[in-house]
Amino acid sequence: METFQALLANKLSDALAKVGLPKVGELTPATDPRFGDYQTNAALVLGKQRGESPKTLAERILACLDAGDICEPPAVAGAGFVNFTLRTDAVERKAGELLLDERLGVATAESKKRIVIDFGSPNVAKPMHVGHIRSIVLGDALARIASFLGHEVIRDNHIGDWGTQFGMVIWGWKNLLDRQALARDPLAEIVRIYKETNQRATSDPQVREACRQELVKLQAGDRENLDIWNECVAFSMQDFEHVYKLLDIHYDIQCGESFYNDRLPATVDRLLKSGIAEISEGAVCVFFRDIPELTDKPCIIRKRDGGFNYATTDLATVDYRINDLKADAVWYVVGAPQVLHFKQIFEIARREGYTADFRHIPFGSILGEDRKLMKTRSGENVPLRELLEEACSRARKIVEEKNPDLSEAEKIDIGQKIGVAAVKYADLSQYRMTDYAFSWDRMLSLHGNTAPYLQNAYVRIRSIFRKAVATPQWGVEAQTGHRPVATADKLTFTDRSEINLAKRLCQFAENVPQVLNDFRPNILANYLFELANSFHTFYESCPVLKSEEPLRSSRLALCDLSGRVLQRGLDLLGIKVPEKM
Ligand code: ARG
């Protein structure tokens with residue numbers, strides 16, 4: 001099923017071909033609804049290129065445009081823009097088709113790729129903190145959207161489970177460990193010993209050297225150190241899993257840094273042999289002499305002492321993902337401070353001859369309400385687990401106030417759905433590069449561009465259906481779920497708000513694929529917000545259950561479609577909807 005945008009774009013290029021003009025310009029949604037639904041700047045672009053009047057060109061194009069079945073006669077506006085307004089009957093037909101379509105009009109991508117998405121990727125022996133949430137939430141949404149568009153997605157958690165911090169953790173384990181504290185809260189104790197050792201190592205060269213020795217032993221396969229390391233990894237994983245469960249995050253593979261450990265020497269040898277890397281002052285480095293921003297930033301892939309770096313692991317990871325996993329694309333959802341690192345990695349991969357589509361998808365920071373980096377009162381990073389638990393308990397209180405008659409179990413369940421959704425949505429509704437201030441009041445508000453507002457729109461629709469099912473002519477069970485699906489033979493829109501809502505619903509299929517152009521789930525989030533607004537306007541001006549047939553069925557169908565688009569759209573963002581709240 002083609003979108004209106006695609007249909008019009010095709011008709012426009014047919015018209016251009018008929019007039020003998022090249023296909024230029026764009027056909028986009030109208031910037032101002034007063035001028036219609038779509039617009040094109042084709043005549044303007046052509047006018048500039050050929051030194052002709054855009055208005056005259058526009059009229060010539062329109063004379064050959066065959067779009068009478070979907071839009072009103074188009075108007076030329078301003079300097080030569082062409083505006084298109086959809087015909088009501090075309091919108092009615094399309095909405096009717098959407099109603100029968102599982103995918104709600106969203107086509108699958110033309111070329112299907114196998115995409116590895118590296119997201120989350122926390123570090124062992126350090127708790128996941130609020131900063132990790134952006135990678136998790138963004139990566140998960142992109143993975144969901146890419147799969148929905150038909151790509152084969154491999155979700156990979158590149159856990160930081162190897163590296164210099166383990167020298168310190170092991171030294172701390174042997175010298176500072178409090179067994180009772182470990183039994184009470186393992187990760188907190190591991191973090192404590194790590195931090196304390198780190199402090200001591202900074203001021204005491206002997207401790208520093210001892211930590212280095214522990215690391216060398218670990219890397220050489222020392223049994224005792226490997227056991228300690230294993231135990232720390234297991235404790236950390238438990239903590240991560242708890243957060244993933246709360247957030248409903250799943251991985252296909254979790255190949256942490258240690259997974260690549262055996263492959264590092266070969267990776268370095270290969271780069272040396274091919275001449276991509278060279279030995280410089282005893283270390284193995286890759287230089288980027290021809291790239292201005294990297295000329296003075298070589299990438300060290302083997303240190304003078306023989307140790308490997310974060311970058312070496314990432315190069316081995318590239319090999320694995322391309323050669324073993326056969327990925328066509330690799331997306332790294334990692335914060336903006338690592339921009340340079342990925343520039344280096346991708347450049348080395350290119351020199352090695354890899355042609356896959358490597359993308360770093362960076363993002364900004366989460367700030368506290370004071371607009372400084374978010375910290376606890378004692379200046380620590382805010383642990384993610386505590387933050388999510390607080391979100392759920394705050395949301396539960398809101399449910400309690402709004403709907404005290406719900407059962408205790410329902411309140412907890414709904415509180416979880418709203419709390420987690422609020423945190424995710426606050427993130428996803430922002431452009432990813434924006435630093436945003438974390439505010440409980442704002443994200444949990446039932447008004448404005450928030451998850452609870454969108455969930456509430458869905459709940460409202462569901463309650464219409466609960467009332468509707470109680471009436472005999474309305475009780476069809478959908479094959480695909482428990483929800484009644486509208487069976488109106490023909491949709492009829494008489495009110496402005498109905499037409500507007502239906503047009504919005506038709507735009508779902510235009511918005512979803514757009515997210516992947518520049519990895520912006522906020523496009524989808526903002527679309528859903530607009531949809532919820534259109535739904536509220538419709539609901540306020542059009543009675544549904546109390547209207548006469550055939551309007552009643554038609555309006556119920558519109559409600560059903562709105563509910564399904566909201567649910568599917570939020571699901572693509574990793575957000576669940578409650579039936580009541
Ligand atoms: N563990 C790293 C960190 O927390 C992120 C890893 C990102 N992925 C990668 N392939 N380098 O900073």
# chains A, B, ... in the order shown; residues from 1 in each chain; ligands from 1
call {"tool": "closest_atom_pairs", "arguments": {"of": "chain A", "to": "ligand 1", "cutoff": "7 Å", "atoms": "only C-alpha atoms and all ligand atoms", "output": "tab-separated table"}}
result
residue	atom	partner	partner_atom_place_in_ligand_line	distance
A:Asp118	CA	ligand 1	8 (N)	6.0
A:Phe119	CA	ligand 1	7 (C)	6.8
A:Ser121	CA	ligand 1	1 (N)	4.9
A:Pro122	CA	ligand 1	4 (O)	4.7
A:Asn123	CA	ligand 1	1 (N)	5.1
A:His158	CA	ligand 1	8 (N)	5.5
A:Ile159	CA	ligand 1	1 (N)	5.6
A:Gly160	CA	ligand 1	1 (N)	4.4
A:Asp314	CA	ligand 1	10 (N)	5.5
A:Tyr332	CA	ligand 1	8 (N)	6.2
A:Val334	CA	ligand 1	7 (C)	5.6
call {"tool": "select_by_dssp", "arguments": {"residues": "segment 286-482 of chain A", "states": "alpha helix (DSSP H)", "output": "ChimeraX atom specification"}}
result
/A:310-319,339-351,384-402,408-428,440-443,451-469
call {"tool": "atom_distance", "arguments": {"atom1": "atom CA of Ala316 of chain A", "atom2": "atom CA of His151 of chain A"}}
result
24.3 Å
call {"tool": "atom_distance", "arguments": {"atom1": "atom CA of Thr31 of chain A", "atom2": "atom CA of Ala437 of chain A"}}
result
28.8 Å
call {"tool": "residues_around", "arguments": {"residues": "Glu410 of chain A", "least_positions_apart": "5", "cutoff": "9 Å", "atoms": "only C-alpha atoms", "output": "ChimeraX atom specification"}}
result
/A:415,580-581
call {"tool": "write_last_selection", "arguments": {"atoms": "N, CA, C and O atoms", "output": "JSON list (two decimals), in the first residue's frame"}}
result
[["chain", "number", "residue", "atom", "x", "y", "z"],
["A", 415, "GLY", "N", 1.45, 1.09, 37.20],
["A", 415, "GLY", "CA", 2.51, 2.00, 37.66],
["A", 415, "GLY", "C", 3.83, 1.69, 36.96],
["A", 415, "GLY", "O", 4.56, 2.59, 36.55],
["A", 580, "LYS", "N", -6.09, 0.28, 31.25],
["A", 580, "LYS", "CA", -6.76, 1.26, 32.13],
["A", 580, "LYS", "C", -5.67, 2.05, 32.83],
["A", 580, "LYS", "O", -4.55, 1.59, 32.95],
["A", 581, "MET", "N", -6.00, 3.23, 33.33],
["A", 581, "MET", "CA", -5.04, 3.91, 34.21],
["A", 581, "MET", "C", -5.72, 4.96, 35.07],
["A", 581, "MET", "O", -6.88, 5.23, 34.89]]
call {"tool": "select_by_dssp", "arguments": {"residues": "segment 431-567 of chain A", "states": "strand (DSSP E or B)", "output": "MDAnalysis selection string"}}
result
chainID A and resid 436:437 477 484
call {"tool": "closest_residue", "arguments": {"among": "A:Asn198, A:Arg466, A:Leu294, A:Ile418", "to": "Ser445 of chain A", "atoms": "only C-alpha atoms"}}
result
A:Ile418
call {"tool": "residues_around", "arguments": {"residues": "Leu177 of chain A", "least_positions_apart": "3", "cutoff": "10 Å", "atoms": "only C-alpha atoms", "output": "list in words"}}
result
Val169, Ile170, Trp171, Gly172, Trp173, Lys174, Gln180, Ala181, Leu182, Glu189, Ile190, Arg192, Ile193 and Tyr194 of chain A
call {"tool": "atom_distance", "arguments": {"atom1": "atom CA of Thr492 of chain A", "atom2": "atom CA of Ser554 of chain A"}}
result
6.0 Å
call {"tool": "closest_residue", "arguments": {"among": "A:Lys411, A:Arg134, A:Arg60, A:Arg555", "to": "Ser541 of chain A", "atoms": "only C-alpha atoms"}}
result
A:Arg555
call {"tool": "decode", "arguments": {"residues": "segment 105-137 of chain A", "atoms": "N, CA and C atoms", "output": "PDB file, in the first residue's frame"}}
result
ATOM      1  N   GLY A 105      -0.248   0.156   7.051  1.00  0.00           N
ATOM      2  CA  GLY A 105       0.220   0.898   5.887  1.00  0.00           C
ATOM      3  C   GLY A 105       1.730   0.993   5.744  1.00  0.00           C
ATOM      4  N   VAL A 106       2.468   0.542   6.756  1.00  0.00           N
ATOM      5  CA  VAL A 106       3.924   0.703   6.694  1.00  0.00           C
ATOM      6  C   VAL A 106       4.533  -0.386   5.798  1.00  0.00           C
ATOM      7  N   ALA A 107       5.196   0.045   4.734  1.00  0.00           N
ATOM      8  CA  ALA A 107       5.812  -0.917   3.815  1.00  0.00           C
ATOM      9  C   ALA A 107       7.145  -1.391   4.390  1.00  0.00           C
ATOM     10  N   THR A 108       7.602  -2.564   3.954  1.00  0.00           N
ATOM     11  CA  THR A 108       8.934  -2.994   4.389  1.00  0.00           C
ATOM     12  C   THR A 108       9.977  -2.370   3.455  1.00  0.00           C
ATOM     13  N   ALA A 109      11.198  -2.280   3.949  1.00  0.00           N
ATOM     14  CA  ALA A 109      12.258  -1.614   3.189  1.00  0.00           C
ATOM     15  C   ALA A 109      12.533  -2.360   1.891  1.00  0.00           C
ATOM     16  N   GLU A 110      12.928  -1.614   0.856  1.00  0.00           N
ATOM     17  CA  GLU A 110      13.176  -2.261  -0.433  1.00  0.00           C
ATOM     18  C   GLU A 110      14.400  -3.165  -0.375  1.00  0.00           C
ATOM     19  N   SER A 111      15.500  -2.639   0.189  1.00  0.00           N
ATOM     20  CA  SER A 111      16.657  -3.525   0.304  1.00  0.00           C
ATOM     21  C   SER A 111      16.822  -3.900   1.777  1.00  0.00           C
ATOM     22  N   LYS A 112      16.722  -5.192   2.025  1.00  0.00           N
ATOM     23  CA  LYS A 112      16.760  -5.649   3.415  1.00  0.00           C
ATOM     24  C   LYS A 112      18.194  -5.937   3.805  1.00  0.00           C
ATOM     25  N   LYS A 113      18.576  -5.419   4.966  1.00  0.00           N
ATOM     26  CA  LYS A 113      19.967  -5.581   5.394  1.00  0.00           C
ATOM     27  C   LYS A 113      20.048  -6.379   6.684  1.00  0.00           C
ATOM     28  N   ARG A 114      21.227  -6.942   6.901  1.00  0.00           N
ATOM     29  CA  ARG A 114      21.491  -7.535   8.207  1.00  0.00           C
ATOM     30  C   ARG A 114      22.280  -6.498   9.019  1.00  0.00           C
ATOM     31  N   ILE A 115      21.677  -6.060  10.106  1.00  0.00           N
ATOM     32  CA  ILE A 115      22.252  -4.942  10.856  1.00  0.00           C
ATOM     33  C   ILE A 115      22.608  -5.386  12.277  1.00  0.00           C
ATOM     34  N   VAL A 116      23.864  -5.206  12.656  1.00  0.00           N
ATOM     35  CA  VAL A 116      24.239  -5.430  14.052  1.00  0.00           C
ATOM     36  C   VAL A 116      24.081  -4.094  14.773  1.00  0.00           C
ATOM     37  N   ILE A 117      23.331  -4.096  15.859  1.00  0.00           N
ATOM     38  CA  ILE A 117      23.181  -2.860  16.634  1.00  0.00           C
ATOM     39  C   ILE A 117      23.866  -3.054  17.987  1.00  0.00           C
ATOM     40  N   ASP A 118      24.882  -2.247  18.218  1.00  0.00           N
ATOM     41  CA  ASP A 118      25.680  -2.307  19.441  1.00  0.00           C
ATOM     42  C   ASP A 118      25.131  -1.215  20.349  1.00  0.00           C
ATOM     43  N   PHE A 119      24.413  -1.607  21.379  1.00  0.00           N
ATOM     44  CA  PHE A 119      23.837  -0.583  22.256  1.00  0.00           C
ATOM     45  C   PHE A 119      23.843  -1.055  23.703  1.00  0.00           C
ATOM     46  N   GLY A 120      23.709  -0.091  24.607  1.00  0.00           N
ATOM     47  CA  GLY A 120      23.779  -0.406  26.038  1.00  0.00           C
ATOM     48  C   GLY A 120      25.240  -0.535  26.426  1.00  0.00           C
ATOM     49  N   SER A 121      25.779  -1.743  26.237  1.00  0.00           N
ATOM     50  CA  SER A 121      27.206  -1.995  26.415  1.00  0.00           C
ATOM     51  C   SER A 121      27.815  -1.373  27.678  1.00  0.00           C
ATOM     52  N   PRO A 122      27.302  -1.762  28.858  1.00  0.00           N
ATOM     53  CA  PRO A 122      27.827  -1.190  30.111  1.00  0.00           C
ATOM     54  C   PRO A 122      29.155  -1.839  30.501  1.00  0.00           C
ATOM     55  N   ASN A 123      29.746  -1.316  31.557  1.00  0.00           N
ATOM     56  CA  ASN A 123      31.025  -1.844  32.020  1.00  0.00           C
ATOM     57  C   ASN A 123      30.863  -2.639  33.307  1.00  0.00           C
ATOM     58  N   VAL A 124      31.544  -3.762  33.362  1.00  0.00           N
ATOM     59  CA  VAL A 124      31.489  -4.608  34.549  1.00  0.00           C
ATOM     60  C   VAL A 124      32.240  -3.927  35.693  1.00  0.00           C
ATOM     61  N   ALA A 125      31.794  -4.209  36.900  1.00  0.00           N
ATOM     62  CA  ALA A 125      32.382  -3.653  38.117  1.00  0.00           C
ATOM     63  C   ALA A 125      32.076  -2.166  38.276  1.00  0.00           C
ATOM     64  N   LYS A 126      31.196  -1.688  37.424  1.00  0.00           N
ATOM     65  CA  LYS A 126      30.694  -0.325  37.604  1.00  0.00           C
ATOM     66  C   LYS A 126      29.181  -0.457  37.429  1.00  0.00           C
ATOM     67  N   PRO A 127      28.389   0.223  38.268  1.00  0.00           N
ATOM     68  CA  PRO A 127      26.936   0.070  38.081  1.00  0.00           C
ATOM     69  C   PRO A 127      26.492   0.823  36.843  1.00  0.00           C
ATOM     70  N   MET A 128      25.419   0.359  36.250  1.00  0.00           N
ATOM     71  CA  MET A 128      24.870   1.103  35.123  1.00  0.00           C
ATOM     72  C   MET A 128      24.293   2.372  35.705  1.00  0.00           C
ATOM     73  N   HIS A 129      24.548   3.483  35.073  1.00  0.00           N
ATOM     74  CA  HIS A 129      24.002   4.718  35.620  1.00  0.00           C
ATOM     75  C   HIS A 129      23.086   5.381  34.608  1.00  0.00           C
ATOM     76  N   VAL A 130      22.549   6.503  35.006  1.00  0.00           N
ATOM     77  CA  VAL A 130      21.526   7.157  34.192  1.00  0.00           C
ATOM     78  C   VAL A 130      22.053   7.459  32.778  1.00  0.00           C
ATOM     79  N   GLY A 131      23.360   7.673  32.638  1.00  0.00           N
ATOM     80  CA  GLY A 131      23.923   7.950  31.316  1.00  0.00           C
ATOM     81  C   GLY A 131      23.737   6.794  30.346  1.00  0.00           C
ATOM     82  N   HIS A 132      23.672   5.561  30.878  1.00  0.00           N
ATOM     83  CA  HIS A 132      23.523   4.419  29.980  1.00  0.00           C
ATOM     84  C   HIS A 132      22.126   4.319  29.389  1.00  0.00           C
ATOM     85  N   ILE A 133      21.187   5.015  30.032  1.00  0.00           N
ATOM     86  CA  ILE A 133      19.818   4.798  29.591  1.00  0.00           C
ATOM     87  C   ILE A 133      19.609   5.277  28.153  1.00  0.00           C
ATOM     88  N   ARG A 134      20.311   6.309  27.757  1.00  0.00           N
ATOM     89  CA  ARG A 134      20.091   6.822  26.402  1.00  0.00           C
ATOM     90  C   ARG A 134      20.500   5.780  25.373  1.00  0.00           C
ATOM     91  N   SER A 135      21.626   5.145  25.593  1.00  0.00           N
ATOM     92  CA  SER A 135      22.070   4.137  24.644  1.00  0.00           C
ATOM     93  C   SER A 135      21.082   2.972  24.602  1.00  0.00           C
ATOM     94  N   ILE A 136      20.634   2.550  25.770  1.00  0.00           N
ATOM     95  CA  ILE A 136      19.723   1.404  25.829  1.00  0.00           C
ATOM     96  C   ILE A 136      18.407   1.726  25.129  1.00  0.00           C
ATOM     97  N   VAL A 137      17.823   2.857  25.502  1.00  0.00           N
ATOM     98  CA  VAL A 137      16.491   3.188  25.024  1.00  0.00           C
ATOM     99  C   VAL A 137      16.512   3.522  23.521  1.00  0.00           C
TER     100      VAL A 137
END
